Amino acid sequence: MALVMPLDCSDIHNNDNSRPSGVYTIYPIGSTSAVQVYCDMVSQEGRWTVFQRRMDGSVNFYRPWDQYKFGFGGAAGEYWLGLETLFHLTLRKRYELLVDMEDFSGNTVSARYSSFSIDPESSGYTLHVSGFTDGGAGDSLSSHSGQKFSTFDKDQDSYAGNCARLYLGAFWYNSCHHTNPNGVYRWGADNTLYAVGVNWYHWKGHDYSLKAISMKIRPVH
């Protein structure tokens with residue numbers, strides 16, 4: 001039997017469409033590149049490879065460039081897959097993006113984008129996202145398209161200051177953000193510190209920190 005080395009969760013599903021959501025191993029750059037991810041096999045026909053997930057505040061996301069480059073956390077819980085892995089994935093296939101989110105009252109919404117990719121590190125891992133479809137969340141990401149990724153120790157945003165330090169996160173900041181998925185995990189509505197939480201502005205504004213958010217990709221067929 002041939003050794004199957006899936007590139008992403010879509011490959012895993014296509015190899016066996018009975019596989020449930022959960023943690024799987026993918027190989028974005030061949031046999032030496034094994035990395036664990038959470039595969040969402042349920043949302044909107046499934047096959048999604050999750051590259052960012054917040055759900056309980058157990059992992060600190062205020063981290064330096066190298067950790068965002070290579071990834072941190074654990075695929076069973078909160079984690080960031082890593083910009084380098086994400087770049088290699090979007091280099092090899094054309095992907096769409098789904099952002100699922102939930103507030104502390106149990107309401108769930110989403111935002112979907114028909115095209116998602118990032119550039120190599122030499123170009124700052126610049127984000128390219130387009131083709132918005134509203135699942136109730138509104139569009140808080142398109143304004144970040146064309147931006148390089150920024151962390152507190154590598155400022156590549158369009159603002160005179162340092163967005164990552166100001167808003168205690170890391171993201172494709174513009175000047176500065178409509179969404180801060182890697183911000184501080186806080187509990188719902190809180191306006192004591194402006195826009196530092198896990199925000200999605202067009203759904204809940206800058207003073208509401210979400211209970212859960214996940215960003216996930218799958219190949220466009």
# chains A, B, ... in the order shown; residues from 1 in each chain; ligands from 1
$ select_by_dssp --residues "chain A" --states "helix (DSSP H, G or I)" --output "VMD selection string"
chain A and resid 9 to 15 43 to 45 65 to 70 83 to 92 121 to 123 142 to 144 163 to 166 201 to 204
$ residues_around --residues "A:Leu86" --least-positions-apart "2" --cutoff "10 Å" --atoms "only C-alpha atoms" --output "list of chain:residue names"
A:Pro28, A:Phe51, A:Lys69, A:Phe70, A:Gly71, A:Trp80, A:Leu81, A:Gly82, A:Leu83, A:Glu84, A:His88, A:Leu89, A:Thr90, A:Leu91, A:Ser117, A:Ile118, A:Asp119, A:Pro120, A:Tyr125, A:Ile217
$ write_last_selection --atoms "N, CA, C and O atoms" --output "PDB file, in the first residue's frame"
ATOM      1  N   PRO A  28       2.860  19.549   4.511  1.00  0.00           N
ATOM      2  CA  PRO A  28       2.780  20.643   3.547  1.00  0.00           C
ATOM      3  C   PRO A  28       3.948  20.719   2.579  1.00  0.00           C
ATOM      4  O   PRO A  28       3.804  21.238   1.479  1.00  0.00           O
ATOM      5  N   PHE A  51      -5.995  26.927  10.583  1.00  0.00           N
ATOM      6  CA  PHE A  51      -4.653  27.458  10.846  1.00  0.00           C
ATOM      7  C   PHE A  51      -4.617  28.418  12.029  1.00  0.00           C
ATOM      8  O   PHE A  51      -3.534  28.809  12.482  1.00  0.00           O
ATOM      9  N   LYS A  69       5.970  32.602  12.815  1.00  0.00           N
ATOM     10  CA  LYS A  69       6.514  31.994  11.603  1.00  0.00           C
ATOM     11  C   LYS A  69       6.374  30.474  11.646  1.00  0.00           C
ATOM     12  O   LYS A  69       5.942  29.852  10.670  1.00  0.00           O
ATOM     13  N   PHE A  70       6.753  29.875  12.777  1.00  0.00           N
ATOM     14  CA  PHE A  70       6.805  28.411  12.851  1.00  0.00           C
ATOM     15  C   PHE A  70       5.613  27.766  13.554  1.00  0.00           C
ATOM     16  O   PHE A  70       5.440  26.554  13.481  1.00  0.00           O
ATOM     17  N   GLY A  71       4.800  28.567  14.245  1.00  0.00           N
ATOM     18  CA  GLY A  71       3.597  28.028  14.872  1.00  0.00           C
ATOM     19  C   GLY A  71       3.759  27.748  16.353  1.00  0.00           C
ATOM     20  O   GLY A  71       4.872  27.612  16.860  1.00  0.00           O
ATOM     21  N   TRP A  80      -1.785  28.356  16.549  1.00  0.00           N
ATOM     22  CA  TRP A  80      -1.477  29.053  15.293  1.00  0.00           C
ATOM     23  C   TRP A  80      -0.561  28.128  14.513  1.00  0.00           C
ATOM     24  O   TRP A  80       0.487  27.722  14.996  1.00  0.00           O
ATOM     25  N   LEU A  81      -0.970  27.785  13.303  1.00  0.00           N
ATOM     26  CA  LEU A  81      -0.261  26.776  12.521  1.00  0.00           C
ATOM     27  C   LEU A  81       1.150  27.218  12.131  1.00  0.00           C
ATOM     28  O   LEU A  81       2.086  26.416  12.131  1.00  0.00           O
ATOM     29  N   GLY A  82       1.311  28.486  11.807  1.00  0.00           N
ATOM     30  CA  GLY A  82       2.623  28.989  11.383  1.00  0.00           C
ATOM     31  C   GLY A  82       2.567  29.570   9.983  1.00  0.00           C
ATOM     32  O   GLY A  82       2.010  28.972   9.052  1.00  0.00           O
ATOM     33  N   LEU A  83       3.139  30.763   9.830  1.00  0.00           N
ATOM     34  CA  LEU A  83       3.100  31.474   8.546  1.00  0.00           C
ATOM     35  C   LEU A  83       3.847  30.726   7.455  1.00  0.00           C
ATOM     36  O   LEU A  83       3.431  30.716   6.296  1.00  0.00           O
ATOM     37  N   GLU A  84       4.949  30.073   7.808  1.00  0.00           N
ATOM     38  CA  GLU A  84       5.733  29.365   6.797  1.00  0.00           C
ATOM     39  C   GLU A  84       4.941  28.188   6.223  1.00  0.00           C
ATOM     40  O   GLU A  84       4.895  27.996   4.998  1.00  0.00           O
ATOM     41  N   HIS A  88       3.426  27.744   2.313  1.00  0.00           N
ATOM     42  CA  HIS A  88       3.648  26.583   1.451  1.00  0.00           C
ATOM     43  C   HIS A  88       2.335  25.939   0.999  1.00  0.00           C
ATOM     44  O   HIS A  88       2.237  25.452  -0.134  1.00  0.00           O
ATOM     45  N   LEU A  89       1.338  25.948   1.861  1.00  0.00           N
ATOM     46  CA  LEU A  89       0.022  25.427   1.468  1.00  0.00           C
ATOM     47  C   LEU A  89      -0.574  26.257   0.336  1.00  0.00           C
ATOM     48  O   LEU A  89      -0.982  25.720  -0.698  1.00  0.00           O
ATOM     49  N   THR A  90      -0.613  27.584   0.533  1.00  0.00           N
ATOM     50  CA  THR A  90      -1.287  28.427  -0.465  1.00  0.00           C
ATOM     51  C   THR A  90      -0.464  28.567  -1.742  1.00  0.00           C
ATOM     52  O   THR A  90      -0.981  29.016  -2.770  1.00  0.00           O
ATOM     53  N   LEU A  91       0.788  28.154  -1.689  1.00  0.00           N
ATOM     54  CA  LEU A  91       1.621  28.112  -2.892  1.00  0.00           C
ATOM     55  C   LEU A  91       1.230  26.925  -3.771  1.00  0.00           C
ATOM     56  O   LEU A  91       1.313  26.993  -5.002  1.00  0.00           O
ATOM     57  N   SER A 117      -4.499  33.675   0.063  1.00  0.00           N
ATOM     58  CA  SER A 117      -3.103  33.226  -0.058  1.00  0.00           C
ATOM     59  C   SER A 117      -2.207  34.212   0.679  1.00  0.00           C
ATOM     60  O   SER A 117      -2.624  35.337   0.995  1.00  0.00           O
ATOM     61  N   ILE A 118      -0.976  33.769   0.973  1.00  0.00           N
ATOM     62  CA  ILE A 118       0.014  34.689   1.528  1.00  0.00           C
ATOM     63  C   ILE A 118       1.326  34.536   0.765  1.00  0.00           C
ATOM     64  O   ILE A 118       1.634  33.468   0.229  1.00  0.00           O
ATOM     65  N   ASP A 119       2.081  35.624   0.721  1.00  0.00           N
ATOM     66  CA  ASP A 119       3.364  35.668   0.031  1.00  0.00           C
ATOM     67  C   ASP A 119       4.456  35.072   0.913  1.00  0.00           C
ATOM     68  O   ASP A 119       4.249  34.870   2.107  1.00  0.00           O
ATOM     69  N   PRO A 120       5.657  34.819   0.350  1.00  0.00           N
ATOM     70  CA  PRO A 120       6.766  34.285   1.157  1.00  0.00           C
ATOM     71  C   PRO A 120       7.265  35.303   2.189  1.00  0.00           C
ATOM     72  O   PRO A 120       6.929  36.491   2.133  1.00  0.00           O
ATOM     73  N   TYR A 125       5.145  37.933   4.204  1.00  0.00           N
ATOM     74  CA  TYR A 125       3.932  37.087   4.306  1.00  0.00           C
ATOM     75  C   TYR A 125       2.674  37.910   4.010  1.00  0.00           C
ATOM     76  O   TYR A 125       1.640  37.763   4.674  1.00  0.00           O
ATOM     77  N   ILE A 217      -8.883  26.948   5.939  1.00  0.00           N
ATOM     78  CA  ILE A 217      -8.815  26.999   4.474  1.00  0.00           C
ATOM     79  C   ILE A 217      -9.101  25.630   3.857  1.00  0.00           C
ATOM     80  O   ILE A 217      -8.906  24.599   4.484  1.00  0.00           O
TER      81      ILE A 217
END
$ residues_around --residues "A:Val109" --least-positions-apart "6" --cutoff "8 Å" --atoms "only C-alpha atoms" --output "list in words"
Asp100, Met101, Glu102, Gly135, Gly136 and Ala137 of chain A
$ closest_residue --among "A:Thr25, A:Gln147, A:Thr192, A:Ser115" --to "A:Tyr38" --atoms "only C-alpha atoms"
A:Thr25
$ residues_around --residues "stretch 155-157 of chain A" --least-positions-apart "3" --cutoff "8 Å" --atoms "only C-alpha atoms" --output "compact mmCIF listing (two decimals) with C-alpha atoms, in the first residue's frame"
# COMPACT_ATOMS: atom_id res chain seq x y z
CA GLY A 124 6.50 39.89 4.64
CA GLN A 147 -0.81 44.03 4.32
CA LYS A 148 2.33 42.34 5.62
CA PHE A 149 2.20 40.36 8.87
CA SER A 150 3.27 42.18 12.03
CA THR A 151 4.30 41.11 15.52
CA PHE A 152 5.47 43.25 18.44
CA ASN A 162 3.32 49.53 16.28
CA CYS A 163 -0.16 47.99 15.91
CA ALA A 164 0.87 44.67 17.45
CA TRP A 172 -1.83 41.52 8.96
CA TYR A 173 -2.38 44.92 10.55
CA ASN A 174 -3.23 47.90 8.39
CA SER A 175 -3.46 51.05 10.52
CA CYS A 176 -4.55 49.21 12.62
$ select_by_dssp --residues "chain A" --states "strand (DSSP E)" --output "count of residues only"
62
$ residues_around --residues "A:Val4" --least-positions-apart "5" --cutoff "10 Å" --atoms "only C-alpha atoms" --output "list in words"
Asp11, Ile12, Asn15, Ile26, Tyr27 and Ser31 of chain A
$ residues_around --residues "A:Lys93" --least-positions-apart "6" --cutoff "10 Å" --atoms "only C-alpha atoms" --output "list in words"
Leu7, Asp8, Ser117, Arg218, Pro219, Val220 and His221 of chain A
$ closest_residue --among "A:Gly183, A:Gly205, A:Gly188, A:Gly77" --to "A:Ala170" --atoms "only C-alpha atoms"
A:Gly183
$ closest_residue --among "A:Val23, A:Ile29, A:Leu168, A:Met215" --to "A:Glu96" --atoms "only C-alpha atoms"
A:Met215
$ closest_residue --among "A:Ser123, A:Thr108, A:Gln67, A:Asn60" --to "A:Lys204" --atoms "only C-alpha atoms"
A:Thr108
$ atom_distance --atom1 "atom CA of A:Val99" --atom2 "atom CA of A:His202"
13.1 Å
$ residues_around --residues "A:Leu98" --least-positions-apart "2" --cutoff "6 Å" --atoms "only C-alpha atoms" --output "PyMOL selection string"
chain A and resi 111-112+215-216
$ atom_distance --atom1 "atom CA of A:Gly106" --atom2 "atom CA of A:Tyr208"
14.0 Å
$ atom_distance --atom1 "atom CA of A:Leu97" --atom2 "atom CA of A:Phe116"
5.9 Å
$ decode --residues "stretch 43-93 of chain A" --atoms "C-alpha atoms" --output "PDB file, in the first residue's frame"
ATOM      1  CA  SER A  43     -18.689  23.245   8.629  1.00  0.00           C
ATOM      2  CA  GLN A  44     -20.053  23.990   5.140  1.00  0.00           C
ATOM      3  CA  GLU A  45     -19.280  20.510   3.725  1.00  0.00           C
ATOM      4  CA  GLY A  46     -16.052  20.195   5.740  1.00  0.00           C
ATOM      5  CA  ARG A  47     -12.515  19.506   4.459  1.00  0.00           C
ATOM      6  CA  TRP A  48     -11.194  22.636   6.217  1.00  0.00           C
ATOM      7  CA  THR A  49      -7.600  22.899   7.462  1.00  0.00           C
ATOM      8  CA  VAL A  50      -7.653  25.114  10.568  1.00  0.00           C
ATOM      9  CA  PHE A  51      -4.653  27.458  10.846  1.00  0.00           C
ATOM     10  CA  GLN A  52      -5.853  29.639  13.732  1.00  0.00           C
ATOM     11  CA  ARG A  53      -8.132  28.779  16.658  1.00  0.00           C
ATOM     12  CA  ARG A  54      -9.211  30.534  19.841  1.00  0.00           C
ATOM     13  CA  MET A  55     -11.715  28.859  22.148  1.00  0.00           C
ATOM     14  CA  ASP A  56     -10.877  29.166  25.848  1.00  0.00           C
ATOM     15  CA  GLY A  57      -7.986  31.552  26.464  1.00  0.00           C
ATOM     16  CA  SER A  58      -5.581  28.744  27.434  1.00  0.00           C
ATOM     17  CA  VAL A  59      -2.807  29.844  25.056  1.00  0.00           C
ATOM     18  CA  ASN A  60      -1.053  33.221  25.044  1.00  0.00           C
ATOM     19  CA  PHE A  61      -1.085  34.665  21.510  1.00  0.00           C
ATOM     20  CA  TYR A  62       1.044  37.745  22.284  1.00  0.00           C
ATOM     21  CA  ARG A  63       4.210  36.249  20.827  1.00  0.00           C
ATOM     22  CA  PRO A  64       7.245  37.230  18.720  1.00  0.00           C
ATOM     23  CA  TRP A  65       7.821  36.833  15.001  1.00  0.00           C
ATOM     24  CA  ASP A  66       9.607  33.463  15.101  1.00  0.00           C
ATOM     25  CA  GLN A  67       6.699  31.821  16.908  1.00  0.00           C
ATOM     26  CA  TYR A  68       4.211  33.159  14.373  1.00  0.00           C
ATOM     27  CA  LYS A  69       6.514  31.994  11.603  1.00  0.00           C
ATOM     28  CA  PHE A  70       6.805  28.411  12.851  1.00  0.00           C
ATOM     29  CA  GLY A  71       3.597  28.028  14.872  1.00  0.00           C
ATOM     30  CA  PHE A  72       2.620  27.429  18.514  1.00  0.00           C
ATOM     31  CA  GLY A  73      -0.070  25.893  20.684  1.00  0.00           C
ATOM     32  CA  GLY A  74      -1.606  22.458  20.117  1.00  0.00           C
ATOM     33  CA  ALA A  75      -4.013  21.290  17.417  1.00  0.00           C
ATOM     34  CA  ALA A  76      -6.401  19.793  20.005  1.00  0.00           C
ATOM     35  CA  GLY A  77      -6.932  23.253  21.493  1.00  0.00           C
ATOM     36  CA  GLU A  78      -5.838  26.790  20.742  1.00  0.00           C
ATOM     37  CA  TYR A  79      -3.061  27.196  18.193  1.00  0.00           C
ATOM     38  CA  TRP A  80      -1.477  29.053  15.293  1.00  0.00           C
ATOM     39  CA  LEU A  81      -0.261  26.776  12.521  1.00  0.00           C
ATOM     40  CA  GLY A  82       2.623  28.989  11.383  1.00  0.00           C
ATOM     41  CA  LEU A  83       3.100  31.474   8.546  1.00  0.00           C
ATOM     42  CA  GLU A  84       5.733  29.365   6.797  1.00  0.00           C
ATOM     43  CA  THR A  85       3.443  26.325   6.629  1.00  0.00           C
ATOM     44  CA  LEU A  86       0.540  28.523   5.535  1.00  0.00           C
ATOM     45  CA  PHE A  87       2.648  30.022   2.749  1.00  0.00           C
ATOM     46  CA  HIS A  88       3.648  26.583   1.451  1.00  0.00           C
ATOM     47  CA  LEU A  89       0.022  25.427   1.468  1.00  0.00           C
ATOM     48  CA  THR A  90      -1.287  28.427  -0.465  1.00  0.00           C
ATOM     49  CA  LEU A  91       1.621  28.112  -2.892  1.00  0.00           C
ATOM     50  CA  ARG A  92       0.566  24.588  -3.852  1.00  0.00           C
ATOM     51  CA  LYS A  93      -3.215  24.961  -4.203  1.00  0.00           C
TER      52      LYS A  93
END
